[in-house]
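Enquirer: This is the structure I want to talk about, given as structure tokens.
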Amino acid sequence: MNPWHIIWAIAVKDWRVEGRARDVLAATLFFAVLVVTILAFAFGPESAKLREAAPGILWVAIAFASILAASRAFAAESEDGALEALLLYPVPHELIYLGKLLGNLGLMLLIAVVITPFTLIIYGVDISGRELPFGLAVLLGVTGFSIVSSFQSALTINLRSRESLLPVLIFPVVVPVIIASVKATVGIITKDPSIDVQSWLQLLLGFNLVYLVVCTLAFPYAVE
Amino acid sequence: MNALSLQGLVHRYQRSYVLRGTSLELPSNEILALYGSNGAGKTTLLKIIASSLVPTRGKGEVLGFDLANRLEIRKRVLIVSHSLGFYPDLTGKENLEFALKMHGKTGNIAAALEQVGLATENRVRGFSSGMRKRLALAKMVLLEPTLILLDEPFAALDPEGKNLVENIILEQKKRGATLIITSHEPERTNKIATLTVNLEHGEISKPIVPEVA
């Protein structure tokens, strides 16, 4: 069997389920938009202040949206013994993780595509000429969140208090991703020469690769 | 070749022993009826055979593969338990398509659904428990496993559904499959079973040919 076919089949199945239920997208988008809007009011009308706060606010919204999405990442599997059935398919469990990750990442990127321009507009941030590095920073940051949160979601699937446990488990692990993402986006938005954007992006890529390898290899032990 | 060869399986759940040294030899292409009261360990035994559970102690082979060789066992064994493992927001057809893809197989889904009398494009969420069971039968027909484990296949079915299950079980045996069926309906199950065993308090009897009334 082609591993890519397995990964793709799981991701497509998750997108199809989400397309029907729409519980992750609706709740997460609403929450992220709410965070960005409320904090815009809190910072007041001063445009310089708003621009300065924008990168932090964007990542706060993405981080919380990621937690919400993670708590629902295995929701489709929590009904009618679907997780047990999924794990009993004759495929390496590493591929199941990668499929679930791709499914979650697709949804998170969709949320980021909506929430990022919304934040830039509300906070009056102009990134013309720097769209590519900015997009790359968002892509790498969201991927980092998704790698960790998909794994932790699987780890807590059978726990009664998973909703409250997930943030406690995810945030300490994802701190390097948050720092690197915020630093890179601040550097891109403010054009501050003291912030080496390229280094932060490389660091983010490095973290993502390490997390991806560790989570993929640890997943079979976490779910068995 | 034996489809199943289990020696001294022990399974402990928290502090209580569900299986206490269960041994079982089952030749290929038999239909084994596994009887026992609620909590006797029938489902646990099926889950160990399906490689869904790891026994606390003991060893065994399923279709010639050691119990630890889970991937090879999972390619050839299908368990139909109380939780059928379907995605409620997908249609029956989509669920079967997914199962086929995960097994790297192709098959005539429409024909399988027709065989079990499920010609509907509705989502599984709207299915009754009987319809979900029929969908599980369609999955069994499509995947053509070598060893089939059916946990109370007659439960929650109307007489027509029960006859359908019987026919499909016999068809699968004819195809060459080995089947293990747990049931609380010995009158019906003994009609199709070629061997029966009793599992009580985690201990299993020797397989015998069933008495048909």
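As shown in the structure tokens, the chain order sets the letters A, B, ...; within each chain, residues go from 1, and ligands are also counted from 1 in the order they appear.
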Go through segment 27-95 of chain A and flag each residue having an atom no more than 7 Å from segment 104-117 of chain A; for those, report the closest pair of atoms plus their distance in Å to one decimal, using only C-alpha atoms, ordered by chain and rising number, as JSON lines.

Expert:
{"residue": "A:Leu29", "atom": "CA", "partner": "A:Ile111", "partner_atom": "CA", "distance": 6.2}
{"residue": "A:Ala32", "atom": "CA", "partner": "A:Ile115", "partner_atom": "CA", "distance": 6.9}
{"residue": "A:Val33", "atom": "CA", "partner": "A:Ile115", "partner_atom": "CA", "distance": 6.7}
{"residue": "A:Leu58", "atom": "CA", "partner": "A:Thr116", "partner_atom": "CA", "distance": 6.8}
{"residue": "A:Ser66", "atom": "CA", "partner": "A:Met108", "partner_atom": "CA", "distance": 6.9}
{"residue": "A:Ala73", "atom": "CA", "partner": "A:Asn104", "partner_atom": "CA", "distance": 6.4}

Enquirer: Tell me, as an mmCIF file with C-alpha atoms, in the first residue's frame, which residues lie within 8 Å of Ser183 of chain B, counting only C-alpha atoms; anything in the same chain fewer than 4 positions away does not count.

Expert:
data_model
loop_
_atom_site.group_PDB
_atom_site.id
_atom_site.type_symbol
_atom_site.label_atom_id
_atom_site.label_comp_id
_atom_site.auth_asym_id
_atom_site.auth_seq_id
_atom_site.Cartn_x
_atom_site.Cartn_y
_atom_site.Cartn_z
ATOM 1 C CA ALA B 33 -19.829 -20.687 18.549
ATOM 2 C CA LEU B 34 -18.437 -19.129 21.708
ATOM 3 C CA TYR B 35 -20.936 -19.182 24.561
ATOM 4 C CA ASP B 151 -19.668 -10.488 18.719
ATOM 5 C CA GLU B 152 -23.374 -11.244 19.152
ATOM 6 C CA PRO B 153 -24.266 -10.816 15.474
ATOM 7 C CA PHE B 154 -27.944 -11.659 16.004
ATOM 8 C CA THR B 189 -26.233 -20.341 16.422
#

Enquirer: Excluding Ala82 of chain A and its own-chain neighbours fewer than 3 positions away, which residues fall within 10 Å of it when counting only C-alpha atoms? Please give them as a PDB file with N, CA and C atoms, in the first residue's frame.

Expert:
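Wrote out.pdb, looks like this:
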ATOM      1  N   PHE A  74      -9.996  14.428  17.262  1.00  0.00           N
ATOM      2  CA  PHE A  74     -10.352  13.012  17.253  1.00  0.00           C
ATOM      3  C   PHE A  74     -11.831  12.813  17.590  1.00  0.00           C
ATOM      4  N   ALA A  75     -12.621  13.891  17.432  1.00  0.00           N
ATOM      5  CA  ALA A  75     -14.046  13.810  17.783  1.00  0.00           C
ATOM      6  C   ALA A  75     -14.759  12.762  16.933  1.00  0.00           C
ATOM      7  N   ALA A  76     -14.402  12.716  15.638  1.00  0.00           N
ATOM      8  CA  ALA A  76     -15.057  11.754  14.746  1.00  0.00           C
ATOM      9  C   ALA A  76     -14.778  10.325  15.197  1.00  0.00           C
ATOM     10  N   GLU A  77     -13.613  10.136  15.831  1.00  0.00           N
ATOM     11  CA  GLU A  77     -13.238   8.788  16.260  1.00  0.00           C
ATOM     12  C   GLU A  77     -13.816   8.428  17.630  1.00  0.00           C
ATOM     13  N   SER A  78     -14.368   9.432  18.333  1.00  0.00           N
ATOM     14  CA  SER A  78     -14.825   9.155  19.695  1.00  0.00           C
ATOM     15  C   SER A  78     -16.207   8.509  19.716  1.00  0.00           C
ATOM     16  N   GLU A  79     -16.891   8.492  18.559  1.00  0.00           N
ATOM     17  CA  GLU A  79     -18.233   7.903  18.510  1.00  0.00           C
ATOM     18  C   GLU A  79     -18.195   6.476  17.977  1.00  0.00           C
ATOM     19  N   ALA A  85     -11.638   0.973  15.604  1.00  0.00           N
ATOM     20  CA  ALA A  85     -11.695   0.474  14.223  1.00  0.00           C
ATOM     21  C   ALA A  85     -10.557   1.055  13.394  1.00  0.00           C
ATOM     22  N   LEU A  86     -10.284   2.346  13.588  1.00  0.00           N
ATOM     23  CA  LEU A  86      -9.210   3.005  12.827  1.00  0.00           C
ATOM     24  C   LEU A  86      -7.858   2.359  13.155  1.00  0.00           C
ATOM     25  N   LEU A  87      -7.655   2.084  14.447  1.00  0.00           N
ATOM     26  CA  LEU A  87      -6.370   1.501  14.862  1.00  0.00           C
ATOM     27  C   LEU A  87      -6.246   0.043  14.432  1.00  0.00           C
ATOM     28  N   LEU A  88      -7.376  -0.590  14.136  1.00  0.00           N
ATOM     29  CA  LEU A  88      -7.331  -2.005  13.715  1.00  0.00           C
ATOM     30  C   LEU A  88      -7.122  -2.177  12.204  1.00  0.00           C
TER      31      LEU A  88
ATOM     32  N   SER B  83     -19.505  -1.991  19.245  1.00  0.00           N
ATOM     33  CA  SER B  83     -19.199  -0.704  18.616  1.00  0.00           C
ATOM     34  C   SER B  83     -18.727  -1.016  17.211  1.00  0.00           C
ATOM     35  N   LEU B  84     -19.467  -0.552  16.225  1.00  0.00           N
ATOM     36  CA  LEU B  84     -19.177  -1.002  14.862  1.00  0.00           C
ATOM     37  C   LEU B  84     -18.117  -0.152  14.163  1.00  0.00           C
ATOM     38  N   GLY B  85     -17.790   1.003  14.760  1.00  0.00           N
ATOM     39  CA  GLY B  85     -16.671   1.791  14.248  1.00  0.00           C
ATOM     40  C   GLY B  85     -16.956   2.569  12.980  1.00  0.00           C
ATOM     41  N   PHE B  86     -18.214   2.914  12.755  1.00  0.00           N
ATOM     42  CA  PHE B  86     -18.527   3.711  11.565  1.00  0.00           C
ATOM     43  C   PHE B  86     -18.563   5.197  11.929  1.00  0.00           C
ATOM     44  N   TYR B  87     -18.316   6.041  10.918  1.00  0.00           N
ATOM     45  CA  TYR B  87     -18.357   7.483  11.130  1.00  0.00           C
ATOM     46  C   TYR B  87     -19.782   7.965  10.868  1.00  0.00           C
ATOM     47  N   PRO B  88     -20.454   8.480  11.907  1.00  0.00           N
ATOM     48  CA  PRO B  88     -21.873   8.831  11.767  1.00  0.00           C
ATOM     49  C   PRO B  88     -22.149   9.898  10.716  1.00  0.00           C
TER      50      PRO B  88
END

Enquirer: I'd like to know which residues of segment 34-204 of chain B are alpha helix (DSSP H) (by DSSP, run on the backbone); could you write them as a PyMOL selection string?

Expert: chain B and resi 42-49+70-76+92-102+109-115+129-143+159-175+186-192

Enquirer: Compute the set of chain A residues within 12 Å of chain B, using only C-alpha atoms, and express it as a ChimeraX atom specification.

Expert: /A:1-23,74-93,95-96,99,223-224

Enquirer: With distances taken over only C-alpha atoms, which of B:Leu199, B:Ile192, B:Leu9, B:Leu45 is nearest to Leu170 of chain B?

Expert: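 The shortest atom-to-atom distance to Leu170 of chain B comes from B:Ile192.
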
Enquirer: What gap, in Å, lies between atom CA of Ile178 of chain A and atom CA of Leu50 of chain A?

Expert: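 Between atom CA of Ile178 of chain A and atom CA of Leu50 of chain A the gap works out to 19.7 Å.
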
Enquirer: Rounded to one decimal place, report the atom CA of Glu121 of chain B-atom CA of Gly103 of chain A distance in Å.

Expert: 24.2 Å
